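See structure below.
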Amino acid sequence: MLVVMQTGAPEQQVRSVCERIEALGFEAHPIFGVSKTVIGVTGDTRRLDVGSLETLPGVAECIIIGKPYKLVSREFSKEDTVLRIPTPSGDVAFGGEFVGMIAGPCAVETREQVFAIAEPLSKAGVRLFRGGAYKPRTSPYSFQGLAVPGLEILTEVREKFGMGIVTEAVDNEGVDHVERYADVIQIGARNMQNYSLLKRAGRARIPVMLKRGLSATLDELLMAAEYIASEGNTQIMLCERGVRTFADHSRNTLDLAVIPAAKTLSHLPIIADPSHASGQRRKVLPLARAAIAVGADGLMIEVHDHPDRALSDGVQSILPDEFTQLREECAQIAQVLKRKLN
Ligand code: PEP
Ligand code: MN
């Protein structure tokens, strides 16, 4: 970190700031310029309260150099992390040469609905099935999910179709249940900064799929991932699911540029969710193609057999047949990039 002193700040002020830095357990390295003095601060400055230095007499500003996250950073691992999710039909890999696929309905509604969707998806080669048993809804009056009975239905899907299960937990108690039934815990956009939930997911023994918050910056997303990793669970994949912008032609805006940006800053795999990003069924295929083209390590797609009857997110859910086409096209795009869709 650099502490920039105000122009003409007297030496006495520079000395006091250096003393304060050293009293806090860091090293201060003043560099005296003609009119400005800058103090380099070394040590683990992630622990340093920048605000407290900025209020000292003579300080103009503090500039943070380097990133506050460590375990998830690219410096920590030059190699891309390949996250392998075990399923009864073998591992599904995300990252490196692999592009993983997750598909299923927004919510678990009934056993019949889930089976009617899982069957064609399994035929289309899907080995990770999604479906929410706990739904974080904007309205408290909307369908909130079936909770544990919903998780039990998902277990039946695993047994019958050999698919691994990706499902969301919205609170710490939910993680206890999801961990018992599922193969991947989803942390939703609204909970990306729920630090107690992130820490609980960090103590889980199964991988976590962390969705980007509705208005979260990339640094905030990576800090949220660092929360999980710092508790011991480094099996993490990030998910770009669209952010809030001024665009009114789409539910959210799929930030495709965040995918290569995340790969520069972090070794973690990042997947795209074109369903929540667009909120419209006909945009899912073009955005899925684009996400693979910019280097996404996987996709998560909402599929429903009767989208018109869906209890949540029907308007953005594609039909099983449409999914088969999407998978085919995305596999071809991945192949051009010398990657394998699995
Ligand atoms: C979901 O995946 O169904 C969901 C609620 O996603 P998000 O948290 O991205 O809105
Ligand atoms: Mn949904």
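Lettering and numbering for the structure tokens are positional, with chains as A, B, ... in the shown order, residues counted from 1 in each chain, and ligands counted from 1 in the shown order.
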
Mind checking which residues fall within 10 Å of Ala331 in chain A, counting only C-alpha atoms, ignoring those fewer than 3 positions away in the same chain, and posting them as a CSV table (one decimal) with N, CA and C atoms, in the first residue's frame?
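What landed in selection.csv:
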```csv
chain,number,residue,atom,x,y,z
A,99,VAL,N,-15.4,-27.9,-20.2
A,99,VAL,CA,-16.5,-27.0,-20.1
A,99,VAL,C,-17.7,-27.9,-19.5
A,289,ARG,N,-24.0,-19.6,-26.5
A,289,ARG,CA,-22.9,-19.7,-27.5
A,289,ARG,C,-21.8,-18.7,-27.2
A,292,ILE,N,-19.6,-19.5,-24.1
A,292,ILE,CA,-18.5,-20.5,-24.4
A,292,ILE,C,-17.4,-19.9,-25.2
A,325,GLN,N,-30.4,-29.0,-28.6
A,325,GLN,CA,-29.8,-28.2,-29.7
A,325,GLN,C,-28.7,-27.3,-29.1
A,326,LEU,N,-29.0,-26.7,-27.9
A,326,LEU,CA,-28.1,-25.8,-27.3
A,326,LEU,C,-26.8,-26.6,-26.9
A,327,ARG,N,-27.0,-27.7,-26.4
A,327,ARG,CA,-25.8,-28.5,-25.9
A,327,ARG,C,-24.9,-28.9,-27.1
A,328,GLU,N,-25.6,-29.3,-28.2
A,328,GLU,CA,-24.9,-29.7,-29.4
A,328,GLU,C,-24.1,-28.5,-30.0
A,334,ALA,N,-17.1,-25.3,-28.3
A,334,ALA,CA,-16.0,-25.7,-27.3
A,334,ALA,C,-14.9,-26.4,-28.1
A,335,GLN,N,-15.3,-27.2,-29.0
A,335,GLN,CA,-14.3,-28.0,-29.8
A,335,GLN,C,-13.4,-27.1,-30.6
A,336,VAL,N,-14.0,-26.1,-31.2
A,336,VAL,CA,-13.1,-25.1,-31.9
A,336,VAL,C,-12.1,-24.5,-31.0
A,337,LEU,N,-12.4,-24.4,-29.7
A,337,LEU,CA,-11.5,-23.8,-28.8
A,337,LEU,C,-10.6,-24.8,-28.1
A,339,ARG,N,-11.6,-27.4,-26.4
A,339,ARG,CA,-12.1,-27.8,-25.1
A,339,ARG,C,-13.2,-28.8,-25.3
A,340,LYS,N,-13.5,-29.5,-24.2
A,340,LYS,CA,-14.5,-30.6,-24.2
A,340,LYS,C,-15.6,-30.3,-23.4
A,341,LEU,N,-16.8,-30.3,-24.0
A,341,LEU,CA,-18.0,-30.1,-23.2
A,341,LEU,C,-18.4,-31.4,-22.5
A,342,ASN,N,-18.6,-31.4,-21.2
A,342,ASN,CA,-18.9,-32.6,-20.5
A,342,ASN,C,-20.0,-32.4,-19.4
```

Excluding range 171-186 of chain A and any residue of its chain fewer than 4 positions from it, enumerate the residues within 10 Å of it, using only C-alpha atoms, and give them as a ChimeraX atom specification. /A:85-87,128-130,132-134,147-148,151-155,158,163-167,191,194,196-201,203-211,235-239

Test item: residues no farther than 9 Å from ligand 2, counting only C-alpha atoms and all ligand atoms, as a ChimeraX atom specification: /A:105-107,131-132,135,275-276,302,312-314,316-317

Let's have the selection written as a PDB file, in the first residue's frame, with N, CA, C and O atoms.
```
ATOM      1  N   PRO A 105     -34.721 -27.509 -13.927  1.00  0.00           N
ATOM      2  CA  PRO A 105     -35.699 -26.436 -13.704  1.00  0.00           C
ATOM      3  C   PRO A 105     -35.208 -25.436 -12.668  1.00  0.00           C
ATOM      4  O   PRO A 105     -34.285 -25.730 -11.908  1.00  0.00           O
ATOM      5  N   CYS A 106     -35.862 -24.290 -12.648  1.00  0.00           N
ATOM      6  CA  CYS A 106     -35.537 -23.309 -11.612  1.00  0.00           C
ATOM      7  C   CYS A 106     -35.809 -23.946 -10.255  1.00  0.00           C
ATOM      8  O   CYS A 106     -34.942 -23.985  -9.397  1.00  0.00           O
ATOM      9  N   ALA A 107     -37.023 -24.481 -10.105  1.00  0.00           N
ATOM     10  CA  ALA A 107     -37.414 -25.018  -8.795  1.00  0.00           C
ATOM     11  C   ALA A 107     -37.908 -26.454  -8.907  1.00  0.00           C
ATOM     12  O   ALA A 107     -38.444 -26.863  -9.940  1.00  0.00           O
ATOM     13  N   GLY A 131     -31.944 -27.712  -9.593  1.00  0.00           N
ATOM     14  CA  GLY A 131     -33.337 -27.518  -9.204  1.00  0.00           C
ATOM     15  C   GLY A 131     -33.336 -27.009  -7.777  1.00  0.00           C
ATOM     16  O   GLY A 131     -32.655 -27.565  -6.921  1.00  0.00           O
ATOM     17  N   GLY A 132     -34.066 -25.929  -7.532  1.00  0.00           N
ATOM     18  CA  GLY A 132     -34.049 -25.328  -6.198  1.00  0.00           C
ATOM     19  C   GLY A 132     -35.120 -25.914  -5.293  1.00  0.00           C
ATOM     20  O   GLY A 132     -36.290 -26.002  -5.668  1.00  0.00           O
ATOM     21  N   LYS A 135     -36.018 -21.467  -2.516  1.00  0.00           N
ATOM     22  CA  LYS A 135     -35.996 -20.426  -3.529  1.00  0.00           C
ATOM     23  C   LYS A 135     -35.946 -19.036  -2.907  1.00  0.00           C
ATOM     24  O   LYS A 135     -36.842 -18.680  -2.138  1.00  0.00           O
ATOM     25  N   SER A 275     -29.689 -17.987 -18.518  1.00  0.00           N
ATOM     26  CA  SER A 275     -31.132 -17.988 -18.232  1.00  0.00           C
ATOM     27  C   SER A 275     -31.499 -16.800 -17.346  1.00  0.00           C
ATOM     28  O   SER A 275     -32.376 -15.998 -17.685  1.00  0.00           O
ATOM     29  N   HIS A 276     -30.821 -16.679 -16.183  1.00  0.00           N
ATOM     30  CA  HIS A 276     -31.131 -15.552 -15.299  1.00  0.00           C
ATOM     31  C   HIS A 276     -30.622 -14.240 -15.883  1.00  0.00           C
ATOM     32  O   HIS A 276     -31.177 -13.181 -15.609  1.00  0.00           O
ATOM     33  N   GLU A 302     -31.644 -23.179 -17.379  1.00  0.00           N
ATOM     34  CA  GLU A 302     -32.941 -23.583 -16.827  1.00  0.00           C
ATOM     35  C   GLU A 302     -33.808 -24.207 -17.924  1.00  0.00           C
ATOM     36  O   GLU A 302     -33.973 -23.631 -19.002  1.00  0.00           O
ATOM     37  N   SER A 312     -41.706 -20.991 -11.022  1.00  0.00           N
ATOM     38  CA  SER A 312     -40.760 -19.870 -11.022  1.00  0.00           C
ATOM     39  C   SER A 312     -39.937 -19.908 -12.305  1.00  0.00           C
ATOM     40  O   SER A 312     -39.607 -20.977 -12.821  1.00  0.00           O
ATOM     41  N   ASP A 313     -39.645 -18.725 -12.813  1.00  0.00           N
ATOM     42  CA  ASP A 313     -38.766 -18.524 -13.972  1.00  0.00           C
ATOM     43  C   ASP A 313     -39.158 -19.295 -15.240  1.00  0.00           C
ATOM     44  O   ASP A 313     -38.284 -19.649 -16.053  1.00  0.00           O
ATOM     45  N   GLY A 314     -40.471 -19.483 -15.438  1.00  0.00           N
ATOM     46  CA  GLY A 314     -40.936 -20.150 -16.665  1.00  0.00           C
ATOM     47  C   GLY A 314     -40.544 -19.375 -17.916  1.00  0.00           C
ATOM     48  O   GLY A 314     -40.171 -19.979 -18.924  1.00  0.00           O
ATOM     49  N   GLN A 316     -38.018 -17.802 -18.759  1.00  0.00           N
ATOM     50  CA  GLN A 316     -36.633 -17.951 -19.233  1.00  0.00           C
ATOM     51  C   GLN A 316     -36.240 -19.412 -19.405  1.00  0.00           C
ATOM     52  O   GLN A 316     -35.102 -19.714 -19.767  1.00  0.00           O
ATOM     53  N   SER A 317     -37.173 -20.320 -19.132  1.00  0.00           N
ATOM     54  CA  SER A 317     -36.836 -21.747 -19.221  1.00  0.00           C
ATOM     55  C   SER A 317     -37.034 -22.233 -20.643  1.00  0.00           C
ATOM     56  O   SER A 317     -38.042 -21.930 -21.281  1.00  0.00           O
TER      57      SER A 317
END
```

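Among the candidate residues A:Val243, A:Val3, A:Val114, A:Ala290, the one lying nearest to ligand 1 is A:Val243, with distances computed using only C-alpha atoms and all ligand atoms.
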
Tell me, which residues of range 155-336 of chain A carry DSSP helix (DSSP H, G or I), written as a PyMOL selection string? chain A and resi 155-161+172-181+189-191+195-202+218-230+258-265+274-278+281-293+307-309+314-316+320-336

Can you write just those residues out, C-alpha atoms, as a compact mmCIF listing (two decimals), in the first residue's frame?
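Contents of the output file out.txt:
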```
# COMPACT_ATOMS: atom_id res chain seq x y z
CA THR A 155 -32.06 -37.71 -4.44
CA GLU A 156 -34.43 -39.87 -6.45
CA VAL A 157 -33.20 -38.13 -9.61
CA ARG A 158 -29.64 -39.03 -8.67
CA GLU A 159 -30.58 -42.65 -8.12
CA LYS A 160 -32.74 -43.06 -11.22
CA PHE A 161 -30.73 -41.06 -13.78
CA ASN A 172 -26.92 -21.89 7.26
CA GLU A 173 -29.56 -24.44 8.21
CA GLY A 174 -30.19 -24.99 4.50
CA VAL A 175 -26.50 -25.79 3.99
CA ASP A 176 -26.81 -28.57 6.62
CA HIS A 177 -29.56 -30.15 4.52
CA VAL A 178 -28.13 -29.44 1.07
CA GLU A 179 -24.77 -30.89 2.09
CA ARG A 180 -26.48 -34.11 3.02
CA TYR A 181 -28.44 -34.49 -0.24
CA ALA A 189 -26.88 -13.82 -6.28
CA ARG A 190 -28.84 -12.33 -3.39
CA ASN A 191 -26.64 -14.10 -0.89
CA TYR A 195 -20.86 -13.65 5.05
CA SER A 196 -22.16 -16.08 7.61
CA LEU A 197 -23.57 -18.26 4.81
CA LEU A 198 -20.30 -18.00 2.87
CA LYS A 199 -18.34 -19.13 5.94
CA ARG A 200 -20.71 -22.04 6.50
CA ALA A 201 -20.31 -23.06 2.84
CA GLY A 202 -16.57 -22.79 3.40
CA LEU A 218 -15.47 -8.64 -9.82
CA ASP A 219 -13.38 -7.82 -6.75
CA GLU A 220 -16.45 -8.26 -4.54
CA LEU A 221 -17.21 -11.60 -6.17
CA LEU A 222 -13.64 -12.75 -5.60
CA MET A 223 -13.69 -11.55 -1.99
CA ALA A 224 -16.87 -13.57 -1.45
CA ALA A 225 -15.07 -16.60 -2.91
CA GLU A 226 -12.13 -15.86 -0.58
CA TYR A 227 -14.54 -16.10 2.39
CA ILE A 228 -15.40 -19.65 1.33
CA ALA A 229 -11.80 -20.63 0.60
CA SER A 230 -10.51 -19.13 3.85
CA VAL A 258 -16.16 -10.54 -16.68
CA ILE A 259 -15.28 -14.07 -17.81
CA PRO A 260 -11.81 -13.31 -19.27
CA ALA A 261 -11.34 -10.69 -16.51
CA ALA A 262 -12.01 -13.27 -13.79
CA LYS A 263 -9.56 -15.66 -15.40
CA THR A 264 -6.85 -13.01 -15.29
CA LEU A 265 -7.35 -12.38 -11.58
CA PRO A 274 -27.67 -17.12 -19.58
CA SER A 275 -31.13 -17.99 -18.23
CA HIS A 276 -31.13 -15.55 -15.30
CA ALA A 277 -29.00 -13.09 -17.25
CA SER A 278 -31.54 -12.65 -20.02
CA ARG A 281 -36.11 -18.02 -23.40
CA ARG A 282 -35.16 -16.95 -26.93
CA LYS A 283 -32.00 -15.21 -25.70
CA VAL A 284 -30.65 -18.24 -23.85
CA LEU A 285 -29.16 -20.02 -26.87
CA PRO A 286 -27.32 -17.01 -28.38
CA LEU A 287 -25.93 -16.01 -24.97
CA ALA A 288 -24.89 -19.59 -24.20
CA ARG A 289 -22.95 -19.70 -27.48
CA ALA A 290 -21.29 -16.38 -26.68
CA ALA A 291 -20.35 -17.43 -23.14
CA ILE A 292 -18.52 -20.51 -24.42
CA ALA A 293 -16.82 -18.38 -27.07
CA PRO A 307 -42.57 -23.45 -18.95
CA ASP A 308 -46.04 -21.90 -19.07
CA ARG A 309 -46.93 -23.78 -15.89
CA GLY A 314 -40.94 -20.15 -16.66
CA VAL A 315 -40.34 -17.26 -19.09
CA GLN A 316 -36.63 -17.95 -19.23
CA PRO A 320 -35.82 -30.13 -23.29
CA ASP A 321 -35.59 -30.30 -27.13
CA GLU A 322 -34.24 -26.78 -27.29
CA PHE A 323 -31.68 -27.76 -24.67
CA THR A 324 -30.50 -30.66 -26.82
CA GLN A 325 -29.80 -28.23 -29.66
CA LEU A 326 -28.05 -25.80 -27.30
CA ARG A 327 -25.80 -28.53 -25.95
CA GLU A 328 -24.90 -29.67 -29.43
CA GLU A 329 -23.98 -26.19 -30.61
CA CYS A 330 -22.03 -25.37 -27.46
CA ALA A 331 -20.10 -28.64 -27.76
CA GLN A 332 -19.08 -27.59 -31.28
CA ILE A 333 -17.97 -24.13 -30.18
CA ALA A 334 -15.99 -25.67 -27.31
CA GLN A 335 -14.31 -28.02 -29.76
CA VAL A 336 -13.14 -25.11 -31.92
```

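Take CA of Leu311 in chain A and CA of Ala118 in chain A: the distance between them is 16.9 Å.
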
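When the distance limit is 12 Å and only C-alpha atoms are what count, the residues near Ile65 in chain A, minus those fewer than 4 positions from it on the same chain, are Met1, Leu2, Val3, Gly40, Val41, Thr42, Asp44, Thr45, Arg46 and Tyr69 of chain A.
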
Residue selection dump (N, CA, C and O atoms) as a PDB file, in the first residue's frame:
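What landed in result.pdb:
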```pdb
ATOM      1  N   MET A   1       0.831  -1.191   0.000  1.00  0.00           N
ATOM      2  CA  MET A   1       0.000   0.000   0.000  1.00  0.00           C
ATOM      3  C   MET A   1       0.874   1.253   0.000  1.00  0.00           C
ATOM      4  O   MET A   1       1.977   1.238   0.529  1.00  0.00           O
ATOM      5  N   LEU A   2       0.362   2.302  -0.637  1.00  0.00           N
ATOM      6  CA  LEU A   2       1.093   3.566  -0.666  1.00  0.00           C
ATOM      7  C   LEU A   2       0.279   4.629   0.057  1.00  0.00           C
ATOM      8  O   LEU A   2      -0.933   4.745  -0.176  1.00  0.00           O
ATOM      9  N   VAL A   3       0.935   5.384   0.940  1.00  0.00           N
ATOM     10  CA  VAL A   3       0.275   6.530   1.568  1.00  0.00           C
ATOM     11  C   VAL A   3       0.845   7.766   0.886  1.00  0.00           C
ATOM     12  O   VAL A   3       2.065   7.995   0.927  1.00  0.00           O
ATOM     13  N   GLY A  40       5.704   4.017   1.346  1.00  0.00           N
ATOM     14  CA  GLY A  40       5.359   2.630   1.008  1.00  0.00           C
ATOM     15  C   GLY A  40       5.120   1.856   2.303  1.00  0.00           C
ATOM     16  O   GLY A  40       5.858   2.018   3.266  1.00  0.00           O
ATOM     17  N   VAL A  41       4.055   1.065   2.344  1.00  0.00           N
ATOM     18  CA  VAL A  41       3.766   0.275   3.553  1.00  0.00           C
ATOM     19  C   VAL A  41       3.898  -1.196   3.190  1.00  0.00           C
ATOM     20  O   VAL A  41       3.265  -1.660   2.231  1.00  0.00           O
ATOM     21  N   THR A  42       4.716  -1.929   3.925  1.00  0.00           N
ATOM     22  CA  THR A  42       4.844  -3.362   3.654  1.00  0.00           C
ATOM     23  C   THR A  42       4.414  -4.175   4.870  1.00  0.00           C
ATOM     24  O   THR A  42       4.321  -3.657   5.976  1.00  0.00           O
ATOM     25  N   ASP A  44       1.506  -7.571   5.844  1.00  0.00           N
ATOM     26  CA  ASP A  44       0.215  -8.084   5.339  1.00  0.00           C
ATOM     27  C   ASP A  44      -0.834  -6.978   5.459  1.00  0.00           C
ATOM     28  O   ASP A  44      -1.599  -6.930   6.425  1.00  0.00           O
ATOM     29  N   THR A  45      -0.823  -6.083   4.475  1.00  0.00           N
ATOM     30  CA  THR A  45      -1.655  -4.878   4.587  1.00  0.00           C
ATOM     31  C   THR A  45      -3.155  -5.138   4.411  1.00  0.00           C
ATOM     32  O   THR A  45      -3.945  -4.222   4.538  1.00  0.00           O
ATOM     33  N   ARG A  46      -3.521  -6.398   4.170  1.00  0.00           N
ATOM     34  CA  ARG A  46      -4.961  -6.697   4.118  1.00  0.00           C
ATOM     35  C   ARG A  46      -5.609  -6.421   5.474  1.00  0.00           C
ATOM     36  O   ARG A  46      -6.793  -6.167   5.566  1.00  0.00           O
ATOM     37  N   TYR A  69      -7.584 -10.419  -1.968  1.00  0.00           N
ATOM     38  CA  TYR A  69      -7.822 -11.861  -1.877  1.00  0.00           C
ATOM     39  C   TYR A  69      -6.525 -12.593  -2.190  1.00  0.00           C
ATOM     40  O   TYR A  69      -5.665 -12.095  -2.902  1.00  0.00           O
TER      41      TYR A  69
END
```

Any chance you could list, as a PyMOL selection string, the residues in range 222-329 of chain A that come up strand (DSSP E or B) when DSSP is run on the backbone? chain A and resi 236-240+243+253+266+270-272+298-303+318

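Considering only C-alpha atoms and all ligand atoms, the residue among A:Lys36, A:Lys338, A:Arg137, A:Arg15 positioned nearest to ligand 1 is A:Arg137.
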
Selection: 9 Å around range 78-80 of chain A, only C-alpha atoms, excl. self and same-chain fewer than 6 positions, as number ranges by chain: A: 95-96, 263, 266-269
